[in-house]
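Here's protein-v9.tsv, which has TSV, C-alpha atoms and all ligand atoms:
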chain	number	residue	atom	x	y	z
A	6	MET	CA	100.02	107.49	125.39
A	7	ASP	CA	101.10	110.82	123.98
A	8	ILE	CA	104.73	111.44	123.22
A	9	LYS	CA	105.47	114.81	124.80
A	10	GLU	CA	109.21	114.66	124.46
A	11	ALA	CA	111.49	112.73	122.12
A	12	LYS	CA	115.20	113.35	122.30
A	13	PHE	CA	117.97	111.84	120.21
A	14	LEU	CA	120.62	110.53	122.60
A	15	MET	CA	123.36	108.73	120.70
A	16	SER	CA	124.39	106.44	117.87
A	17	ASN	CA	126.90	103.67	118.34
A	18	THR	CA	127.91	100.17	117.37
A	19	LYS	CA	128.51	98.67	120.79
A	20	VAL	CA	126.00	97.60	123.40
A	21	GLU	CA	128.48	98.61	126.11
A	22	GLU	CA	128.28	102.20	124.89
A	23	CYS	CA	124.49	102.35	124.82
A	24	PRO	CA	122.70	104.37	127.54
A	25	ALA	CA	122.47	102.69	130.96
A	26	PRO	CA	119.81	99.96	130.76
A	27	ASP	CA	117.67	101.70	133.34
A	28	LYS	CA	114.50	102.11	131.29
A	29	PRO	CA	112.41	99.78	129.14
A	30	GLU	CA	113.60	99.69	125.54
A	31	TYR	CA	111.66	99.19	122.30
A	32	ALA	CA	113.59	98.56	119.09
A	33	PHE	CA	112.45	99.03	115.50
A	34	ILE	CA	113.90	97.03	112.64
A	35	GLY	CA	113.02	95.84	109.14
A	36	ARG	CA	114.23	95.58	105.57
A	37	SER	CA	115.87	98.70	104.31
A	38	ASN	CA	113.28	101.09	102.81
A	39	VAL	CA	110.43	99.42	104.73
A	40	GLY	CA	109.38	102.80	106.15
A	41	LYS	CA	111.09	102.61	109.55
A	42	SER	CA	112.19	106.24	109.75
A	43	SER	CA	108.78	107.43	108.61
A	44	LEU	CA	107.09	105.26	111.25
A	45	ILE	CA	109.38	106.52	114.03
A	46	ASN	CA	108.76	110.09	112.95
A	47	MET	CA	105.00	109.46	112.96
A	48	LEU	CA	105.11	107.86	116.44
A	49	THR	CA	107.17	110.65	117.96
A	50	GLY	CA	105.41	113.42	116.07
A	51	GLN	CA	108.80	114.80	115.00
A	52	LYS	CA	109.32	114.97	111.30
A	53	GLY	CA	113.10	114.87	111.21
A	54	LEU	CA	113.85	112.73	114.27
A	55	ALA	CA	114.79	109.56	112.42
A	56	LYS	CA	116.37	110.33	109.10
A	57	THR	CA	114.47	108.98	106.13
A	58	SER	CA	116.94	106.96	104.17
A	59	SER	CA	118.85	108.86	101.54
A	60	SER	CA	121.46	106.11	101.40
A	61	PRO	CA	119.82	102.88	102.50
A	62	GLY	CA	122.03	100.37	104.23
A	63	LYS	CA	124.85	102.82	104.77
A	64	THR	CA	124.39	103.70	108.41
A	65	GLN	CA	124.91	100.62	110.54
A	66	LEU	CA	124.32	102.18	113.92
A	67	ILE	CA	122.21	101.57	116.99
A	68	ASN	CA	120.34	104.85	117.48
A	69	HIS	CA	118.88	105.65	120.90
A	70	PHE	CA	116.08	108.12	121.56
A	71	LEU	CA	114.71	109.00	125.01
A	72	ILE	CA	110.92	109.25	125.06
A	73	ASN	CA	108.99	111.15	127.75
A	74	ASN	CA	112.03	110.65	129.97
A	75	SER	CA	110.71	107.16	130.67
A	76	TRP	CA	111.61	104.73	127.86
A	77	TYR	CA	114.07	104.25	125.06
A	78	LEU	CA	113.14	103.97	121.43
A	79	VAL	CA	115.86	102.34	119.33
A	80	ASP	CA	116.25	102.66	115.59
A	81	LEU	CA	118.23	99.61	114.48
A	82	PRO	CA	119.93	99.39	111.09
A	83	GLY	CA	117.84	97.56	108.51
A	84	TYR	CA	118.61	94.40	106.60
A	85	GLY	CA	118.21	93.25	103.03
A	86	TYR	CA	119.80	96.04	101.06
A	87	ALA	CA	121.26	94.33	97.99
A	88	LYS	CA	124.14	96.73	97.44
A	89	VAL	CA	125.68	96.18	100.88
A	90	SER	CA	128.98	94.26	100.81
A	91	LYS	CA	129.30	90.83	102.34
A	92	GLU	CA	131.67	92.29	104.87
A	93	SER	CA	129.27	94.97	106.13
A	94	ARG	CA	126.40	92.45	106.14
A	95	GLU	CA	128.49	90.28	108.48
A	96	LYS	CA	129.30	93.32	110.61
A	97	TRP	CA	125.56	94.08	110.85
A	98	ARG	CA	124.77	90.49	111.81
A	99	LYS	CA	127.35	90.46	114.60
A	100	MET	CA	126.29	93.82	115.98
A	101	ILE	CA	122.58	92.97	115.99
A	102	ASN	CA	123.18	89.54	117.44
A	103	TYR	CA	125.21	91.00	120.27
A	104	TYR	CA	122.60	93.68	120.89
A	105	PHE	CA	119.79	91.10	121.17
A	106	LEU	CA	121.91	88.88	123.42
A	107	LYS	CA	123.15	91.56	125.77
A	108	ARG	CA	120.65	94.38	125.93
A	109	GLU	CA	118.97	93.44	129.18
A	110	ASN	CA	116.31	96.18	129.16
A	111	LEU	CA	115.09	95.29	125.65
A	112	THR	CA	111.37	94.78	126.14
A	113	CYS	CA	110.02	94.29	122.65
A	114	VAL	CA	111.19	94.42	119.05
A	115	PHE	CA	108.91	95.89	116.40
A	116	VAL	CA	109.58	94.05	113.13
A	117	LEU	CA	108.43	96.16	110.20
A	118	ILE	CA	107.04	94.44	107.13
A	119	ASP	CA	106.10	96.21	103.91
A	120	SER	CA	102.40	95.46	103.42
A	121	ARG	CA	102.76	95.77	99.64
A	122	HIS	CA	104.60	92.48	99.35
A	123	GLU	CA	103.73	88.86	99.62
A	124	PRO	CA	105.70	87.21	102.44
A	125	LEU	CA	109.42	87.63	101.88
A	126	LYS	CA	111.88	84.95	102.91
A	127	GLN	CA	114.16	87.47	104.55
A	128	ASP	CA	111.41	88.77	106.82
A	129	LEU	CA	110.24	85.30	107.76
A	130	GLU	CA	113.80	84.22	108.50
A	131	PHE	CA	114.31	87.26	110.68
A	132	THR	CA	111.25	86.45	112.80
A	133	GLU	CA	112.49	82.87	113.15
A	134	TYR	CA	115.86	84.14	114.25
A	135	LEU	CA	114.23	86.35	116.92
A	136	GLY	CA	112.24	83.36	118.12
A	137	LYS	CA	115.38	81.27	118.45
A	138	MET	CA	117.03	84.08	120.40
A	139	GLY	CA	113.99	84.29	122.69
A	140	VAL	CA	113.47	87.97	121.87
A	141	PRO	CA	109.85	89.17	122.29
A	142	PHE	CA	108.58	90.82	119.13
A	143	VAL	CA	105.50	92.10	117.34
A	144	ILE	CA	104.91	92.75	113.64
A	145	VAL	CA	104.16	96.15	112.13
A	146	PHE	CA	102.88	96.23	108.56
A	147	THR	CA	103.82	99.51	106.89
A	148	LYS	CA	102.60	101.56	103.91
A	149	LEU	CA	98.96	100.52	104.09
A	150	ASP	CA	97.97	103.45	101.90
A	151	LYS	CA	99.97	102.12	98.96
A	152	GLN	CA	97.40	99.55	97.91
A	153	SER	CA	93.78	98.52	98.39
A	154	ALA	CA	92.58	97.22	101.76
A	155	LEU	CA	91.87	93.92	100.04
A	156	LYS	CA	95.43	93.55	98.84
A	157	THR	CA	96.76	94.46	102.29
A	158	GLU	CA	94.53	91.84	103.90
A	159	ALA	CA	95.72	89.21	101.43
A	160	ASN	CA	99.38	89.98	102.19
A	161	VAL	CA	98.83	90.11	105.96
A	162	SER	CA	96.95	86.79	105.93
A	163	ALA	CA	99.62	85.19	103.76
A	164	PHE	CA	102.32	86.35	106.17
A	165	ALA	CA	100.38	85.01	109.16
A	166	ARG	CA	99.84	81.72	107.34
A	167	LYS	CA	103.55	81.41	106.60
A	168	MET	CA	104.43	82.19	110.20
A	169	SER	CA	102.03	79.60	111.53
A	170	GLU	CA	104.11	76.94	109.74
A	171	THR	CA	106.75	77.48	112.44
A	172	TRP	CA	104.92	79.23	115.28
A	173	ASP	CA	102.17	77.83	117.51
A	174	GLU	CA	101.13	81.28	118.57
A	175	LEU	CA	101.34	84.28	116.30
A	176	PRO	CA	102.69	87.63	117.48
A	177	LEU	CA	100.57	90.78	117.62
A	178	MET	CA	100.28	92.45	114.23
A	179	PHE	CA	99.79	96.18	113.73
A	180	LYS	CA	98.79	97.80	110.47
A	181	THR	CA	100.18	101.26	109.79
A	182	SER	CA	100.63	104.06	107.32
A	183	ALA	CA	102.99	106.91	108.11
A	184	GLU	CA	101.51	108.76	105.15
A	185	LYS	CA	97.92	108.55	106.47
A	186	ARG	CA	98.92	108.45	110.15
A	187	ILE	CA	97.31	105.08	110.73
A	188	GLY	CA	98.30	102.84	113.66
A	189	LYS	CA	100.05	105.42	115.82
A	190	ASP	CA	97.73	105.18	118.84
A	191	GLU	CA	97.62	101.39	118.71
A	192	ILE	CA	101.41	101.09	118.90
A	193	LEU	CA	101.87	103.76	121.57
A	194	ASP	CA	99.06	102.31	123.69
A	195	TYR	CA	100.67	98.89	123.42
A	196	ILE	CA	104.01	100.28	124.62
A	197	GLU	CA	102.25	102.02	127.51
A	198	GLU	CA	100.46	98.81	128.41
A	199	ILE	CA	103.73	96.84	128.66
A	200	ASN	CA	105.46	99.70	130.49
A	201	VAL	CA	102.97	99.65	133.35
A	202	GLN	CA	103.08	95.87	133.76
B	301	LIG	P1	113.52	103.23	106.04
B	301	LIG	O1	114.64	103.05	105.09
B	301	LIG	O2	112.97	101.92	106.49
B	301	LIG	O3	113.82	104.16	107.19
B	301	LIG	O4	112.32	103.84	105.19
B	301	LIG	P2	111.83	105.36	105.04
B	301	LIG	O5	111.02	105.79	106.20
B	301	LIG	O6	113.01	106.20	104.67
B	301	LIG	O7	110.83	105.18	103.81
B	301	LIG	C1	111.24	104.69	102.56
B	301	LIG	C2	110.36	105.29	101.49
B	301	LIG	O8	109.01	104.86	101.67
B	301	LIG	C3	110.33	106.82	101.51
B	301	LIG	O9	110.25	107.27	100.18
B	301	LIG	C4	109.04	107.13	102.27
B	301	LIG	O10	108.48	108.37	101.90
B	301	LIG	C5	108.14	105.98	101.86
B	301	LIG	N1	107.17	105.65	102.92
B	301	LIG	C6	107.42	105.31	104.19
B	301	LIG	N2	106.28	105.07	104.87
B	301	LIG	C7	105.27	105.25	104.01
B	301	LIG	C8	103.83	105.16	104.11
B	301	LIG	O11	103.24	104.83	105.14
B	301	LIG	N3	103.13	105.39	102.97
B	301	LIG	C9	103.72	105.75	101.79
B	301	LIG	N4	102.94	105.96	100.74
B	301	LIG	N5	105.05	105.85	101.66
B	301	LIG	C10	105.82	105.61	102.75
Turn the structure described in the file into structure tokens.
Amino acid sequence: MDIKEAKFLMSNTKVEECPAPDKPEYAFIGRSNVGKSSLINMLTGQKGLAKTSSSPGKTQLINHFLINNSWYLVDLPGYGYAKVSKESREKWRKMINYYFLKRENLTCVFVLIDSRHEPLKQDLEFTEYLGKMGVPFVIVFTKLDKQSALKTEANVSAFARKMSETWDELPLMFKTSAEKRIGKDEILDYIEEINVQ
């Protein structure tokens, strides 16, 4: 799939105020600084569409974009930023929980994982939480260009191994680099594939 048109629609905190759930929706989430804005900008081919984080963890909003007039891309606020207060962390948790519970057109969540790291507890816990909520998700490893292919493979395998301690079947895993434009076609083709089903 090619993205011919990507339009920012709105930012809000309430599911009730999101656009009408009349199109399939794909949400992107991950630890703050994981490379989410860069990935969204790579996918849409628009450099400034999602703002790359100048103040990580500050904006706690559900951001909707309309793609090719046929599906919604959602930029969800990230987790795991140490400097965020307990109060705003709780606010985030409630908002996200409500979004996952209520957003009926949500088709798939893309969970971004920084490929530079060995499996992080926070990321593993988040995938477990999605599983418990019954939310379909796939994994997207980011920043492939930051280290050797060997190191990436070691981290990806370790993450898969950790996941298989709680999951019988592992989710799809994409490997990407916004810097080197790796993984764009794979993700967009996957979205197209689910959209036509
Ligand atoms: P967000 O907070 O998850 O939206 O992350 P950003 O997209 O703002 O990226 C955080 C930092 O990582 C920025 O300095 C980006 O330039 C950098 N970054 C993001 N993706 C990549 C990538 O694929 N490769 C490299 N080398 N750096 C990246």
Tell me, counting only C-alpha atoms and all ligand atoms, for each residue of chain A within 9 Å of ligand LIG 301 (chain B), which pair of atoms is nearest and how far apart they are in Å to one decimal, in rows ordered by chain and increasing number, as a tab-separated table.
residue	atom	partner	partner_atom	distance
A:Ile34	CA	B:LIG301	O2	7.9
A:Gly35	CA	B:LIG301	O2	6.6
A:Arg36	CA	B:LIG301	O2	6.5
A:Ser37	CA	B:LIG301	O1	4.6
A:Asn38	CA	B:LIG301	O1	3.3
A:Val39	CA	B:LIG301	O2	4.0
A:Gly40	CA	B:LIG301	O4	3.3
A:Lys41	CA	B:LIG301	O2	3.7
A:Ser42	CA	B:LIG301	O3	3.7
A:Ser43	CA	B:LIG301	O5	3.7
A:Leu44	CA	B:LIG301	O5	6.4
A:Ile45	CA	B:LIG301	O5	8.0
A:Asn46	CA	B:LIG301	O5	8.3
A:Ala55	CA	B:LIG301	O3	7.6
A:Lys56	CA	B:LIG301	O6	6.9
A:Thr57	CA	B:LIG301	O6	3.5
A:Ser58	CA	B:LIG301	O6	4.0
A:Ser59	CA	B:LIG301	O6	7.1
A:Ser60	CA	B:LIG301	O1	8.3
A:Pro61	CA	B:LIG301	O1	5.8
A:Gly62	CA	B:LIG301	O1	7.9
A:Asp80	CA	B:LIG301	O3	8.9
A:Pro82	CA	B:LIG301	O3	8.7
A:Gly83	CA	B:LIG301	O2	6.8
A:Leu117	CA	B:LIG301	O2	8.2
A:Asp119	CA	B:LIG301	N2	8.9
A:Thr147	CA	B:LIG301	O11	5.6
A:Lys148	CA	B:LIG301	O11	3.6
A:Leu149	CA	B:LIG301	O11	6.2
A:Asp150	CA	B:LIG301	N3	5.6
A:Lys151	CA	B:LIG301	N4	5.2
A:Gln152	CA	B:LIG301	N4	8.9
A:Thr181	CA	B:LIG301	O11	6.6
A:Ser182	CA	B:LIG301	O11	3.5
A:Ala183	CA	B:LIG301	O11	3.6
A:Glu184	CA	B:LIG301	O11	4.3
A:Lys185	CA	B:LIG301	O11	6.6
A:Arg186	CA	B:LIG301	O11	7.5
A:Ile187	CA	B:LIG301	O11	8.2
For the selection just defined, write its residues with C-alpha atoms to a file, as a PDB file, keeping the file's coordinate frame.
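Saved as again.pdb:
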ATOM      1  CA  ILE A  34     113.900  97.030 112.640  1.00  0.00           C
ATOM      2  CA  GLY A  35     113.020  95.840 109.140  1.00  0.00           C
ATOM      3  CA  ARG A  36     114.230  95.580 105.570  1.00  0.00           C
ATOM      4  CA  SER A  37     115.870  98.700 104.310  1.00  0.00           C
ATOM      5  CA  ASN A  38     113.280 101.090 102.810  1.00  0.00           C
ATOM      6  CA  VAL A  39     110.430  99.420 104.730  1.00  0.00           C
ATOM      7  CA  GLY A  40     109.380 102.800 106.150  1.00  0.00           C
ATOM      8  CA  LYS A  41     111.090 102.610 109.550  1.00  0.00           C
ATOM      9  CA  SER A  42     112.190 106.240 109.750  1.00  0.00           C
ATOM     10  CA  SER A  43     108.780 107.430 108.610  1.00  0.00           C
ATOM     11  CA  LEU A  44     107.090 105.260 111.250  1.00  0.00           C
ATOM     12  CA  ILE A  45     109.380 106.520 114.030  1.00  0.00           C
ATOM     13  CA  ASN A  46     108.760 110.090 112.950  1.00  0.00           C
ATOM     14  CA  ALA A  55     114.790 109.560 112.420  1.00  0.00           C
ATOM     15  CA  LYS A  56     116.370 110.330 109.100  1.00  0.00           C
ATOM     16  CA  THR A  57     114.470 108.980 106.130  1.00  0.00           C
ATOM     17  CA  SER A  58     116.940 106.960 104.170  1.00  0.00           C
ATOM     18  CA  SER A  59     118.850 108.860 101.540  1.00  0.00           C
ATOM     19  CA  SER A  60     121.460 106.110 101.400  1.00  0.00           C
ATOM     20  CA  PRO A  61     119.820 102.880 102.500  1.00  0.00           C
ATOM     21  CA  GLY A  62     122.030 100.370 104.230  1.00  0.00           C
ATOM     22  CA  ASP A  80     116.250 102.660 115.590  1.00  0.00           C
ATOM     23  CA  PRO A  82     119.930  99.390 111.090  1.00  0.00           C
ATOM     24  CA  GLY A  83     117.840  97.560 108.510  1.00  0.00           C
ATOM     25  CA  LEU A 117     108.430  96.160 110.200  1.00  0.00           C
ATOM     26  CA  ASP A 119     106.100  96.210 103.910  1.00  0.00           C
ATOM     27  CA  THR A 147     103.820  99.510 106.890  1.00  0.00           C
ATOM     28  CA  LYS A 148     102.600 101.560 103.910  1.00  0.00           C
ATOM     29  CA  LEU A 149      98.960 100.520 104.090  1.00  0.00           C
ATOM     30  CA  ASP A 150      97.970 103.450 101.900  1.00  0.00           C
ATOM     31  CA  LYS A 151      99.970 102.120  98.960  1.00  0.00           C
ATOM     32  CA  GLN A 152      97.400  99.550  97.910  1.00  0.00           C
ATOM     33  CA  THR A 181     100.180 101.260 109.790  1.00  0.00           C
ATOM     34  CA  SER A 182     100.630 104.060 107.320  1.00  0.00           C
ATOM     35  CA  ALA A 183     102.990 106.910 108.110  1.00  0.00           C
ATOM     36  CA  GLU A 184     101.510 108.760 105.150  1.00  0.00           C
ATOM     37  CA  LYS A 185      97.920 108.550 106.470  1.00  0.00           C
ATOM     38  CA  ARG A 186      98.920 108.450 110.150  1.00  0.00           C
ATOM     39  CA  ILE A 187      97.310 105.080 110.730  1.00  0.00           C
TER      40      ILE A 187
END
**Shell around A:Lys12 at 9 Å using all atoms listed in the file, local window under 4 positions removed, as a PyMOL selection string** = chain A and resi 54+69-74
**Prompt:** From the list A:Val116, A:Val79, A:Ala154, A:Met178, which residue is nearest A:Cys23 when using only C-alpha atoms?
**Reply:**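 Closest candidate: A:Val79.
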**Surrounding residues of A:Glu130 excluding itself and chain neighbours under 3 positions, 12 Å, only C-alpha atoms, as a ChimeraX atom specification** = /A:35-36,84-85,116,124-127,133-137,164,167-168,171
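Here atom CA of A:Ser75 is placed at a distance of 17.3 Å from atom CA of A:Phe33.
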**Item:** Using all atoms listed in the file: which of A:Asn102, A:Ser120, A:Thr132, A:Gln65 has the shortest distance to A:Thr157
**Value:** A:Ser120
**Prompt:** How many Å lie between atom CA of A:Asn110 and atom CA of A:Asn68, rounded to one decimal?
**Reply:**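 Distance reported for this atom pair: 15.1 Å.
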Could you give me, as a Markdown table, every stretch 10-108 of chain A residue with an atom at most 9 Å from stretch 189-198 of chain A, plus its closest atom pair and distance in Å to one decimal, counting only C-alpha atoms, rows ordered by chain then number?
| residue | atom | partner | partner_atom | distance |
| --- | --- | --- | --- | --- |
| A:Tyr31 | CA | A:Ile196 | CA | 8.1 |
| A:Leu44 | CA | A:Lys189 | CA | 8.4 |
| A:Met47 | CA | A:Lys189 | CA | 7.0 |
| A:Leu48 | CA | A:Lys189 | CA | 5.7 |
Give me a file of those residues, with C-alpha atoms, as a PDB file, keeping the file's coordinate frame.
ATOM      1  CA  TYR A  31     111.660  99.190 122.300  1.00  0.00           C
ATOM      2  CA  LEU A  44     107.090 105.260 111.250  1.00  0.00           C
ATOM      3  CA  MET A  47     105.000 109.460 112.960  1.00  0.00           C
ATOM      4  CA  LEU A  48     105.110 107.860 116.440  1.00  0.00           C
TER       5      LEU A  48
END
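Nearest to A:Arg121 of all the residues A:Val89, A:Ile101, A:Val140, A:Leu155 is A:Leu155, counting all atoms listed in the file.
Those residues that approach A:Tyr104 to within 9 Å, counting only C-alpha atoms, are Lys19, Val20 and Ile67 of chain A; same-chain residues fewer than 6 positions away are not listed.
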**Prompt:** Quick one: distance from atom CA of A:Cys113 to atom CA of A:Pro29 in Å, one decimal?
**Reply:**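 Those two atoms sit 8.8 Å apart.
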Could stretch 160-179 of chain A be completed with N, CA and C atoms and written as a PDB file, keeping the file's coordinate frame, please?
ATOM      1  N   ASN A 160      97.965  90.095 101.835  1.00  0.00           N
ATOM      2  CA  ASN A 160      99.380  89.980 102.190  1.00  0.00           C
ATOM      3  C   ASN A 160      99.570  89.685 103.683  1.00  0.00           C
ATOM      4  N   VAL A 161      98.742  90.346 104.514  1.00  0.00           N
ATOM      5  CA  VAL A 161      98.830  90.110 105.960  1.00  0.00           C
ATOM      6  C   VAL A 161      98.458  88.657 106.275  1.00  0.00           C
ATOM      7  N   SER A 162      97.379  88.182 105.675  1.00  0.00           N
ATOM      8  CA  SER A 162      96.950  86.790 105.930  1.00  0.00           C
ATOM      9  C   SER A 162      98.009  85.814 105.453  1.00  0.00           C
ATOM     10  N   ALA A 163      98.599  86.103 104.294  1.00  0.00           N
ATOM     11  CA  ALA A 163      99.620  85.190 103.760  1.00  0.00           C
ATOM     12  C   ALA A 163     100.830  85.159 104.688  1.00  0.00           C
ATOM     13  N   PHE A 164     101.175  86.313 105.246  1.00  0.00           N
ATOM     14  CA  PHE A 164     102.320  86.350 106.170  1.00  0.00           C
ATOM     15  C   PHE A 164     102.007  85.544 107.431  1.00  0.00           C
ATOM     16  N   ALA A 165     100.794  85.741 107.960  1.00  0.00           N
ATOM     17  CA  ALA A 165     100.380  85.010 109.160  1.00  0.00           C
ATOM     18  C   ALA A 165     100.375  83.506 108.882  1.00  0.00           C
ATOM     19  N   ARG A 166      99.894  83.143 107.706  1.00  0.00           N
ATOM     20  CA  ARG A 166      99.840  81.720 107.340  1.00  0.00           C
ATOM     21  C   ARG A 166     101.242  81.125 107.296  1.00  0.00           C
ATOM     22  N   LYS A 167     102.159  81.855 106.683  1.00  0.00           N
ATOM     23  CA  LYS A 167     103.550  81.410 106.600  1.00  0.00           C
ATOM     24  C   LYS A 167     104.156  81.255 107.992  1.00  0.00           C
ATOM     25  N   MET A 168     103.864  82.250 108.840  1.00  0.00           N
ATOM     26  CA  MET A 168     104.430  82.190 110.200  1.00  0.00           C
ATOM     27  C   MET A 168     103.890  81.004 110.973  1.00  0.00           C
ATOM     28  N   SER A 169     102.620  80.693 110.737  1.00  0.00           N
ATOM     29  CA  SER A 169     102.030  79.600 111.530  1.00  0.00           C
ATOM     30  C   SER A 169     102.613  78.229 111.135  1.00  0.00           C
ATOM     31  N   GLU A 170     103.407  78.195 110.055  1.00  0.00           N
ATOM     32  CA  GLU A 170     104.110  76.940 109.740  1.00  0.00           C
ATOM     33  C   GLU A 170     105.188  76.651 110.790  1.00  0.00           C
ATOM     34  N   THR A 171     105.713  77.707 111.420  1.00  0.00           N
ATOM     35  CA  THR A 171     106.750  77.480 112.440  1.00  0.00           C
ATOM     36  C   THR A 171     106.359  77.918 113.841  1.00  0.00           C
ATOM     37  N   TRP A 172     105.303  78.703 113.961  1.00  0.00           N
ATOM     38  CA  TRP A 172     104.920  79.230 115.280  1.00  0.00           C
ATOM     39  C   TRP A 172     103.564  78.660 115.700  1.00  0.00           C
ATOM     40  N   ASP A 173     103.463  78.278 116.977  1.00  0.00           N
ATOM     41  CA  ASP A 173     102.170  77.830 117.510  1.00  0.00           C
ATOM     42  C   ASP A 173     101.270  79.018 117.763  1.00  0.00           C
ATOM     43  N   GLU A 174     101.902  80.081 118.256  1.00  0.00           N
ATOM     44  CA  GLU A 174     101.130  81.280 118.570  1.00  0.00           C
ATOM     45  C   GLU A 174     101.702  82.442 117.776  1.00  0.00           C
ATOM     46  N   LEU A 175     100.844  83.188 117.129  1.00  0.00           N
ATOM     47  CA  LEU A 175     101.340  84.280 116.300  1.00  0.00           C
ATOM     48  C   LEU A 175     101.526  85.550 117.135  1.00  0.00           C
ATOM     49  N   PRO A 176     102.488  86.377 116.748  1.00  0.00           N
ATOM     50  CA  PRO A 176     102.690  87.630 117.480  1.00  0.00           C
ATOM     51  C   PRO A 176     101.581  88.631 117.146  1.00  0.00           C
ATOM     52  N   LEU A 177     101.505  89.687 117.933  1.00  0.00           N
ATOM     53  CA  LEU A 177     100.570  90.780 117.620  1.00  0.00           C
ATOM     54  C   LEU A 177     100.965  91.394 116.281  1.00  0.00           C
ATOM     55  N   MET A 178      99.980  91.829 115.520  1.00  0.00           N
ATOM     56  CA  MET A 178     100.280  92.450 114.230  1.00  0.00           C
ATOM     57  C   MET A 178      99.570  93.792 114.138  1.00  0.00           C
ATOM     58  N   PHE A 179     100.351  94.837 113.896  1.00  0.00           N
ATOM     59  CA  PHE A 179      99.790  96.180 113.730  1.00  0.00           C
ATOM     60  C   PHE A 179      99.811  96.560 112.251  1.00  0.00           C
TER      61      PHE A 179
END
